[in-house]
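Shown below: upload00.txt, with compact mmCIF, C-alpha atoms.
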```
# COMPACT_ATOMS: atom_id res chain seq x y z
CA MET E 30 -21.26 7.19 -11.95
CA LYS E 31 -17.60 6.62 -12.77
CA PHE E 32 -16.21 3.19 -11.97
CA SER E 33 -13.77 4.69 -9.46
CA GLU E 34 -16.69 6.33 -7.66
CA LEU E 35 -18.27 2.91 -7.35
CA LEU E 36 -15.02 1.58 -5.89
CA TRP E 37 -15.09 4.34 -3.29
CA GLN E 38 -18.72 3.63 -2.50
CA ASP E 39 -17.85 -0.05 -1.97
CA THR E 40 -14.96 0.62 0.40
CA GLU E 41 -15.37 3.97 2.15
CA HIS E 42 -16.01 2.18 5.44
CA ILE E 43 -12.70 0.33 5.12
CA PHE E 44 -10.84 3.59 4.50
CA GLU E 45 -12.43 4.96 7.67
CA ALA E 46 -11.34 1.83 9.55
CA CYS E 47 -7.76 2.34 8.32
CA TRP E 48 -7.89 5.90 9.61
CA GLU E 49 -9.12 4.75 13.01
CA ASN E 50 -6.50 2.01 13.26
CA PRO E 51 -4.17 2.53 16.25
CA PHE E 52 -1.08 2.46 14.03
CA VAL E 53 -2.32 5.39 11.93
CA GLN E 54 -3.69 7.21 14.98
CA GLY E 55 -0.36 6.65 16.70
CA ILE E 56 1.47 8.18 13.75
CA GLY E 57 -0.72 11.26 14.12
CA LYS E 58 -0.17 11.47 17.88
CA GLY E 59 3.55 10.83 17.53
CA ASP E 60 3.35 7.73 19.70
CA VAL E 61 3.82 4.29 18.11
CA PRO E 62 5.46 1.40 20.00
CA LYS E 63 9.00 0.63 18.85
CA GLU E 64 8.06 -2.99 18.13
CA ALA E 65 5.25 -1.82 15.85
CA LEU E 66 7.56 0.47 13.87
CA ILE E 67 10.11 -2.31 13.42
CA HIS E 68 7.49 -4.84 12.35
CA TYR E 69 5.98 -2.34 9.89
CA VAL E 70 9.30 -1.57 8.19
CA LYS E 71 10.30 -5.24 7.98
CA GLN E 72 7.01 -6.10 6.30
CA ASP E 73 6.71 -3.02 4.12
CA PHE E 74 10.21 -3.41 2.71
CA GLU E 75 9.28 -6.85 1.38
CA TYR E 76 5.78 -5.77 0.37
CA LEU E 77 7.16 -2.93 -1.73
CA ASN E 78 9.57 -5.35 -3.41
CA ALA E 79 6.49 -7.32 -4.43
CA MET E 80 4.74 -4.14 -5.57
CA ILE E 81 7.68 -3.40 -7.88
CA LYS E 82 7.43 -6.90 -9.36
CA THR E 83 3.66 -6.54 -9.78
CA LYS E 84 4.06 -3.24 -11.60
CA ALA E 85 6.69 -4.86 -13.81
CA ILE E 86 4.14 -7.54 -14.70
CA GLY E 87 1.78 -4.67 -15.51
CA ILE E 88 4.16 -3.45 -18.19
CA THR E 89 3.81 -6.80 -19.96
CA LYS E 90 0.04 -6.21 -20.16
CA CYS E 91 0.39 -2.79 -21.81
CA THR E 92 -0.25 -2.05 -25.45
CA SER E 93 0.74 1.63 -25.35
CA ARG E 94 3.87 3.51 -24.38
CA GLU E 95 1.75 5.80 -22.17
CA ASP E 96 0.68 2.89 -19.99
CA MET E 97 4.25 1.56 -19.89
CA ILE E 98 5.49 4.94 -18.66
CA MET E 99 2.81 5.00 -15.97
CA PHE E 100 4.04 1.70 -14.54
CA LYS E 101 7.72 2.62 -15.03
CA ASP E 102 7.27 5.85 -13.09
CA THR E 103 5.73 3.96 -10.16
CA ILE E 104 8.59 1.47 -10.11
CA ASP E 105 11.06 4.36 -10.06
CA PHE E 106 9.12 6.04 -7.25
CA VAL E 107 9.04 2.95 -5.05
CA LEU E 108 12.72 2.17 -5.65
CA ASN E 109 14.10 5.67 -5.17
CA SER E 110 11.63 7.63 -3.06
CA GLU E 111 9.53 5.38 -0.85
CA THR E 112 12.52 4.51 1.32
CA HIS E 113 12.22 8.01 2.82
CA PRO E 114 9.27 7.30 5.17
CA HIS E 115 10.96 4.04 6.20
CA HIS E 116 14.01 6.00 7.34
CA ASN E 117 11.72 8.23 9.43
CA LEU E 118 10.23 5.23 11.23
CA CYS E 119 13.64 3.61 11.72
CA ALA E 120 15.02 6.81 13.24
CA GLN E 121 12.18 6.88 15.76
CA ALA E 122 12.69 3.19 16.55
CA GLY E 123 16.44 3.69 16.93
CA VAL E 124 17.25 0.99 14.37
CA ALA E 125 19.27 1.17 11.15
CA TYR E 126 17.15 0.66 8.03
CA GLU E 127 19.53 -1.97 6.69
CA GLU E 128 18.95 -4.12 9.78
CA LEU E 129 15.25 -4.52 8.94
CA GLN E 130 15.63 -5.88 5.42
CA GLY E 131 15.35 -9.49 4.27
CA TYR E 132 12.90 -10.80 6.85
CA ALA E 133 10.22 -13.40 6.15
CA LEU E 134 6.72 -12.11 5.56
CA ALA E 135 4.16 -12.46 8.34
CA PRO E 136 0.90 -14.26 7.42
CA ALA E 137 -1.21 -11.26 6.34
CA SER E 138 1.68 -9.65 4.46
CA GLN E 139 2.46 -12.89 2.71
CA HIS E 140 -1.17 -13.23 1.67
CA TYR E 141 -1.17 -9.67 0.33
CA VAL E 142 1.98 -10.26 -1.71
CA LEU E 143 0.76 -13.54 -3.20
CA HIS E 144 -2.64 -11.95 -3.86
CA MET E 145 -1.07 -9.18 -5.94
CA LEU E 146 1.38 -11.32 -7.86
CA HIS E 147 -1.14 -14.07 -8.62
CA HIS E 148 -3.87 -11.83 -9.99
CA ALA E 149 -1.40 -9.65 -11.90
CA GLU E 150 0.23 -12.66 -13.54
CA LYS E 151 -2.99 -14.33 -14.66
CA GLY E 152 -5.04 -11.19 -15.27
CA THR E 153 -5.41 -8.24 -17.60
CA LEU E 154 -4.20 -4.65 -17.44
CA GLY E 155 -7.34 -3.82 -15.49
CA ASP E 156 -6.63 -6.59 -13.00
CA VAL E 157 -3.12 -5.26 -12.36
CA ILE E 158 -4.43 -1.76 -11.72
CA ALA E 159 -7.28 -2.96 -9.51
CA VAL E 160 -5.13 -5.26 -7.39
CA THR E 161 -2.50 -2.56 -6.72
CA LEU E 162 -4.75 0.48 -6.35
CA ALA E 163 -5.73 0.10 -2.69
CA CYS E 164 -2.23 0.78 -1.37
CA PRO E 165 -1.66 4.27 -2.84
CA TRP E 166 -5.29 5.27 -2.36
CA VAL E 167 -5.36 4.33 1.34
CA TYR E 168 -2.02 6.04 2.00
CA LEU E 169 -3.13 9.18 0.21
CA TYR E 170 -6.35 9.18 2.24
CA VAL E 171 -4.69 8.80 5.64
CA GLY E 172 -1.79 11.07 4.67
CA GLU E 173 -3.98 13.95 3.57
CA ARG E 174 -6.23 13.52 6.60
CA LEU E 175 -3.22 13.55 8.93
CA MET E 176 -2.00 16.72 7.24
CA LYS E 177 -5.39 18.35 7.76
CA GLU E 178 -6.06 17.21 11.31
CA VAL E 179 -2.52 17.10 12.73
CA ASN E 180 -0.70 19.63 10.53
CA PRO E 181 2.70 18.45 11.82
CA ASN E 182 5.72 20.68 12.18
CA GLU E 183 9.39 19.70 12.06
CA ASP E 184 9.28 18.70 15.73
CA HIS E 185 6.65 16.02 15.14
CA PRO E 186 8.29 12.56 15.33
CA PHE E 187 6.57 11.39 12.16
CA ASN E 188 6.53 14.65 10.24
CA ASP E 189 8.45 13.15 7.31
CA TRP E 190 6.15 10.11 7.07
CA ILE E 191 2.99 12.22 7.17
CA ARG E 192 4.23 14.79 4.67
CA PHE E 193 5.55 12.14 2.30
CA TYR E 194 2.09 10.61 1.91
CA GLY E 195 -0.08 13.66 2.51
CA ASP E 196 1.76 16.66 1.08
CA ARG E 197 3.02 15.57 -2.31
CA GLU E 198 2.15 17.73 -5.27
CA GLU E 199 2.06 14.95 -7.84
CA ARG E 200 -0.57 12.25 -7.42
CA GLU E 201 0.47 9.42 -9.71
CA MET E 202 -2.39 7.37 -8.30
CA TYR E 203 -4.93 9.44 -10.21
CA LYS E 204 -3.40 8.27 -13.50
CA TYR E 205 -4.30 4.72 -12.51
CA ILE E 206 -7.80 5.73 -11.44
CA ASP E 207 -8.39 7.53 -14.74
CA ARG E 208 -7.03 4.57 -16.70
CA LEU E 209 -9.23 2.09 -14.84
CA ASP E 210 -12.25 4.33 -15.48
CA GLU E 211 -11.38 4.25 -19.19
CA LEU E 212 -11.03 0.47 -19.21
CA ALA E 213 -14.31 0.07 -17.34
CA GLU E 214 -16.19 1.89 -20.12
CA THR E 215 -15.73 -1.09 -22.45
CA ALA E 216 -15.27 -3.88 -19.87
CA THR E 217 -17.77 -6.66 -19.36
CA GLU E 218 -19.84 -6.85 -16.19
CA GLU E 219 -17.78 -9.87 -15.17
CA GLU E 220 -14.54 -7.91 -15.50
CA LYS E 221 -15.87 -4.95 -13.54
CA GLN E 222 -17.16 -7.20 -10.78
CA ARG E 223 -13.73 -8.85 -10.59
CA TRP E 224 -11.98 -5.47 -10.35
CA ARG E 225 -14.34 -4.35 -7.60
CA THR E 226 -13.59 -7.52 -5.66
CA LEU E 227 -9.82 -7.19 -6.14
CA PHE E 228 -9.89 -3.59 -4.96
CA MET E 229 -12.03 -4.37 -1.93
CA GLU E 230 -9.77 -7.25 -0.94
CA GLY E 231 -6.77 -4.93 -1.30
CA CYS E 232 -8.39 -2.37 1.00
CA GLN E 233 -9.06 -5.03 3.61
CA LEU E 234 -5.45 -6.23 3.37
CA GLU E 235 -4.26 -2.65 3.85
CA TYR E 236 -6.26 -2.52 7.08
CA MET E 237 -4.80 -5.85 8.16
CA PHE E 238 -1.29 -4.56 7.39
CA PHE E 239 -1.74 -1.63 9.81
CA GLU E 240 -3.40 -3.87 12.38
CA ASP E 241 -0.68 -6.52 12.24
CA ALA E 242 2.05 -3.88 12.40
CA TYR E 243 0.62 -2.29 15.53
CA HIS E 244 0.35 -5.62 17.33
CA ALA E 245 3.55 -7.00 15.71
CA LYS E 246 1.64 -10.10 14.63
CA ASP E 247 3.69 -12.91 13.17
CA TRP E 248 3.55 -16.67 12.73
CA PRO E 249 2.45 -18.41 15.98
CA PHE E 250 5.58 -20.61 16.04
CA ALA E 251 9.18 -19.87 15.10
CA ARG E 252 9.91 -20.55 11.43
CA THR E 253 12.82 -22.92 12.20
CA LEU E 254 13.40 -26.20 10.37
CA THR E 255 14.56 -29.35 12.14
CA ASP E 256 18.15 -28.76 11.02
CA GLY E 257 18.11 -25.39 12.77
CA LYS E 258 17.83 -23.30 9.63
CA LYS E 259 15.23 -20.53 9.32
CA ALA E 260 12.41 -21.12 6.86
```
Show how you would write the structure in this file as structure tokens.
Amino acid sequence: MKFSELLWQDTEHIFEACWENPFVQGIGKGDVPKEALIHYVKQDFEYLNAMIKTKAIGITKCTSREDMIMFKDTIDFVLNSETHPHHNLCAQAGVAYEELQGYALAPASQHYVLHMLHHAEKGTLGDVIAVTLACPWVYLYVGERLMKEVNPNEDHPFNDWIRFYGDREEREMYKYIDRLDELAETATEEEKQRWRTLFMEGCQLEYMFFEDAYHAKDWPFARTLTDGKKA
């Protein structure tokens, strides 16, 4: 069994939970509360900034130009392409994209960001791949399933979002899966166990991201300091 097949075996139930989440189901039905869309974009904008930084850390762990290119291509994709689905959600929420940038991270999102950056900084190339793999894999899974089960047309409110994640010809994610499978062939049992744990935690945080977006969960009290400034 390939290492990536073991990862799937560990987490298939979490992927199914992501699919069943009301945010994802709402995307498919074309009915997501405005507050949920706004919360999602605010959080995802900052999360993707952290993903870019994590991938940049990944480059420092590389010993080959091929691996460097793999990370560079992802950084380019997030910077220049992954704004497209955000614009779709903003259009449906009736809010300008620029208005939803620069907000503080909610608790689960903050945990996810610190989780990625911490393990990437202190870990190996395999750690960087494992800690960032859940995001593209979950989005590919729900995107392709939405394409199959919804098959949206141009009139669907979230047609652009669904097609962006479910109808792309190039699957950069598979390069990371193949590379992690290669690394696992010579990794110690301790390393492989750590990668499995990092990936599973990432999958759970992906579920929490959808869940928190749908319910617009944030800190229980306003993040305001005693001098009136925002934290």
Just the residues within 9 Å of segment 56-73 of chain E, please, counting only C-alpha atoms, with nothing from its chain fewer than 3 positions along; format it as a VMD selection string. chain E and resid 51 to 53 76 to 78 115 to 116 118 to 119 121 to 124 126 128 to 135 138 to 139 175 to 176 178 to 179 181 185 to 188 190 to 191 238 to 239 241 to 247
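Closest approach to Tyr141 of chain E among E:Trp248, E:Tyr170, E:Phe228, E:Trp48: E:Phe228, based on only C-alpha atoms.
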If you count all atoms listed in the file, the residue of E:Ala251, E:Ile104, E:Met99, E:Met145 closest to Tyr205 of chain E turns out to be E:Met99
What does the structure give for the distance between atom CA of Arg225 of chain E and atom CA of Ala159 of chain E, in Å to one decimal? 7.4 Å
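Using all atoms listed in the file, the nearest neighbour of Lys204 of chain E within the list E:Phe74, E:Phe100, E:Phe250, E:Phe32 is E:Phe100.
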In Å, rounded to a single decimal, give me how far atom CA of Lys101 of chain E is from atom CA of Glu173 of chain E. 24.7 Å
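Atom CA of Leu143 of chain E is positioned 18.8 Å from atom CA of Glu240 of chain E.
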Skip Glu235 of chain E itself and residues of its chain fewer than 3 positions away, then list as a list in words all residues within 8 Å of it, counting all atoms listed in the file. Cys47, Ala163, Cys164, Val167, Gly231, Cys232, Phe238 and Phe239 of chain E
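Distances here use only C-alpha atoms; by that measure, the residue among E:Gly152, E:His140, E:Asn109, E:Trp37 closest to Gly87 of chain E is E:Gly152.
For the choices E:Asn182, E:Ser110, E:Thr255, E:Gln233, the atom-to-atom distance to Arg197 of chain E is smallest for E:Ser110 when using only C-alpha atoms.
Distances here use only C-alpha atoms; by that measure, the residue among E:Leu36, E:Tyr236, E:Asp189, E:Ile158 closest to Arg208 of chain E is E:Ile158.
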Need the axis-aligned box for segment 98-108 of chain E with 3 Å each side, so what are the centre and edges in Å to one decimal, as AutoDock Vina command-line options?
```
--center_x 7.8 --center_y 3.8 --center_z -11.9 --size_x 15.9 --size_y 10.6 --size_z 19.6
```
